[in-house]
Amino acid sequence: MDSNLVQFKKGVLELCVLALLARSDSYGYDIASRLSAAIDMGEGTIYPLMRRMQKDGLVSTYLVESSSGPPRKYYRLTEGGRKNLNAQKAAWTDFTRSVAAILELDLEKTS
């Protein structure tokens, strides 16, 4: 995989997880599966991020009994996580607009 793409994905991983949890509480494997389907992000990168986000107070956890094995640890966005998501979304929007503007200028010069 292109190293630039890997860096882009790492840069937006927390933002994507926060956005998924803003829609609904979820467990680690489900989050990893959804990220894998959307941006081809591997499962191994999710769990360390989830532990850090819990430590930082962005998510909280609770257990839900499972009919097919041990209880699942679900993640829920905290109020701090919601505020962080909103701040990251605003920063992402500003950043991507700026990058797009630069890329458009570059395309105009090469045309």
# chains A, B, ... in the order shown; residues from 1 in each chain; ligands from 1
call {"tool": "residues_around", "arguments": {"residues": "A:Lys83", "least_positions_apart": "5", "cutoff": "9 Å", "atoms": "only C-alpha atoms", "output": "JSON, numbers by chain"}}
result
{"A": [58, 78, 88]}
call {"tool": "write_last_selection", "arguments": {"atoms": "N, CA, C and O atoms", "output": "CSV table (one decimal), in the first residue's frame"}}
result
chain,number,residue,atom,x,y,z
A,58,LEU,N,-12.7,10.1,26.0
A,58,LEU,CA,-13.5,10.3,24.8
A,58,LEU,C,-14.6,9.3,24.7
A,58,LEU,O,-15.6,9.5,24.1
A,78,THR,N,-18.5,9.7,25.0
A,78,THR,CA,-18.8,10.6,26.2
A,78,THR,C,-19.1,12.0,25.7
A,78,THR,O,-18.9,12.3,24.5
A,88,GLN,N,-12.9,18.1,15.8
A,88,GLN,CA,-12.1,17.5,14.7
A,88,GLN,C,-12.8,17.6,13.3
A,88,GLN,O,-12.2,17.8,12.3
call {"tool": "closest_atom_pairs", "arguments": {"of": "stretch 65-102 of chain A", "to": "stretch 42-50 of chain A", "cutoff": "12 Å", "atoms": "only C-alpha atoms", "output": "Markdown table"}}
result
| residue | atom | partner | partner_atom | distance |
| --- | --- | --- | --- | --- |
| A:Lys73 | CA | A:Met50 | CA | 11.0 |
| A:Tyr74 | CA | A:Met50 | CA | 10.6 |
| A:Tyr75 | CA | A:Met50 | CA | 8.3 |
| A:Arg76 | CA | A:Met50 | CA | 10.7 |
| A:Leu77 | CA | A:Met50 | CA | 11.1 |
| A:Gly81 | CA | A:Met50 | CA | 11.9 |
call {"tool": "select_by_dssp", "arguments": {"residues": "chain A", "states": "helix (DSSP H, G or I)", "output": "PyMOL selection string"}}
result
chain A and resi 3-23+28-39+43-55+79-110
call {"tool": "closest_atom_pairs", "arguments": {"of": "stretch 53-75 of chain A", "to": "stretch 26-41 of chain A", "cutoff": "12 Å", "atoms": "only C-alpha atoms", "output": "JSON lines"}}
result
{"residue": "A:Val59", "atom": "CA", "partner": "A:Ser26", "partner_atom": "CA", "distance": 10.8}
{"residue": "A:Ser60", "atom": "CA", "partner": "A:Ser26", "partner_atom": "CA", "distance": 11.0}
{"residue": "A:Thr61", "atom": "CA", "partner": "A:Tyr27", "partner_atom": "CA", "distance": 9.0}
{"residue": "A:Tyr62", "atom": "CA", "partner": "A:Tyr27", "partner_atom": "CA", "distance": 9.5}
{"residue": "A:Leu63", "atom": "CA", "partner": "A:Tyr27", "partner_atom": "CA", "distance": 9.3}
{"residue": "A:Val64", "atom": "CA", "partner": "A:Tyr27", "partner_atom": "CA", "distance": 9.3}
{"residue": "A:Glu65", "atom": "CA", "partner": "A:Tyr27", "partner_atom": "CA", "distance": 11.8}
{"residue": "A:Ser66", "atom": "CA", "partner": "A:Tyr27", "partner_atom": "CA", "distance": 11.4}
{"residue": "A:Pro71", "atom": "CA", "partner": "A:Tyr27", "partner_atom": "CA", "distance": 10.3}
{"residue": "A:Arg72", "atom": "CA", "partner": "A:Tyr27", "partner_atom": "CA", "distance": 6.5}
{"residue": "A:Lys73", "atom": "CA", "partner": "A:Tyr27", "partner_atom": "CA", "distance": 5.7}
{"residue": "A:Tyr74", "atom": "CA", "partner": "A:Tyr27", "partner_atom": "CA", "distance": 4.2}
{"residue": "A:Tyr75", "atom": "CA", "partner": "A:Ser26", "partner_atom": "CA", "distance": 5.4}
call {"tool": "write_last_selection", "arguments": {"atoms": "N, CA, C and O atoms", "output": "short mmCIF file (atom, residue, chain, number, x, y, z; two decimals), in the first residue's frame"}}
result
data_model
loop_
_atom_site.label_atom_id
_atom_site.label_comp_id
_atom_site.auth_asym_id
_atom_site.auth_seq_id
_atom_site.Cartn_x
_atom_site.Cartn_y
_atom_site.Cartn_z
N VAL A 59 -14.33 8.07 25.21
CA VAL A 59 -15.31 6.99 25.17
C VAL A 59 -15.38 6.35 26.55
O VAL A 59 -14.44 6.41 27.33
N SER A 60 -16.53 5.75 26.82
CA SER A 60 -16.68 4.92 28.02
C SER A 60 -17.06 3.52 27.53
O SER A 60 -17.39 3.34 26.35
N THR A 61 -17.00 2.55 28.41
CA THR A 61 -17.30 1.18 28.01
C THR A 61 -18.33 0.56 28.94
O THR A 61 -18.51 1.00 30.08
N TYR A 62 -18.99 -0.46 28.43
CA TYR A 62 -19.89 -1.28 29.22
C TYR A 62 -19.95 -2.66 28.57
O TYR A 62 -19.64 -2.80 27.38
N LEU A 63 -20.31 -3.67 29.35
CA LEU A 63 -20.37 -5.04 28.84
C LEU A 63 -21.80 -5.41 28.49
O LEU A 63 -22.74 -5.04 29.19
N VAL A 64 -21.93 -6.18 27.40
CA VAL A 64 -23.22 -6.70 26.96
C VAL A 64 -23.06 -8.19 26.77
O VAL A 64 -22.13 -8.65 26.10
N GLU A 65 -23.97 -8.96 27.40
CA GLU A 65 -23.92 -10.41 27.26
C GLU A 65 -24.09 -10.80 25.79
O GLU A 65 -24.83 -10.16 25.05
N SER A 66 -23.37 -11.86 25.41
CA SER A 66 -23.44 -12.35 24.04
C SER A 66 -23.91 -13.80 24.05
O SER A 66 -23.47 -14.59 24.88
N PRO A 71 -19.09 -11.91 27.19
CA PRO A 71 -19.69 -10.59 27.01
C PRO A 71 -18.81 -9.71 26.11
O PRO A 71 -17.59 -9.85 26.09
N ARG A 72 -19.47 -8.84 25.37
CA ARG A 72 -18.75 -7.91 24.49
C ARG A 72 -18.60 -6.57 25.18
O ARG A 72 -19.53 -6.09 25.83
N LYS A 73 -17.43 -5.97 24.99
CA LYS A 73 -17.19 -4.63 25.52
C LYS A 73 -17.67 -3.63 24.47
O LYS A 73 -17.15 -3.58 23.36
N TYR A 74 -18.68 -2.86 24.84
CA TYR A 74 -19.21 -1.83 23.96
C TYR A 74 -18.59 -0.48 24.32
O TYR A 74 -18.31 -0.20 25.49
N TYR A 75 -18.42 0.34 23.31
CA TYR A 75 -17.88 1.68 23.48
C TYR A 75 -18.99 2.69 23.22
O TYR A 75 -19.79 2.53 22.31
#
call {"tool": "closest_residue", "arguments": {"among": "A:Pro70, A:Asp2, A:Asn84, A:Glu79", "to": "A:Leu15", "atoms": "only C-alpha atoms"}}
result
A:Asn84
call {"tool": "select_by_dssp", "arguments": {"residues": "stretch 60-97 of chain A", "states": "strand (DSSP E)", "output": "JSON, numbers by chain"}}
result
{"A": [60, 61, 62, 63, 64, 65, 66, 69, 70, 71, 72, 73, 74, 75, 76, 77]}
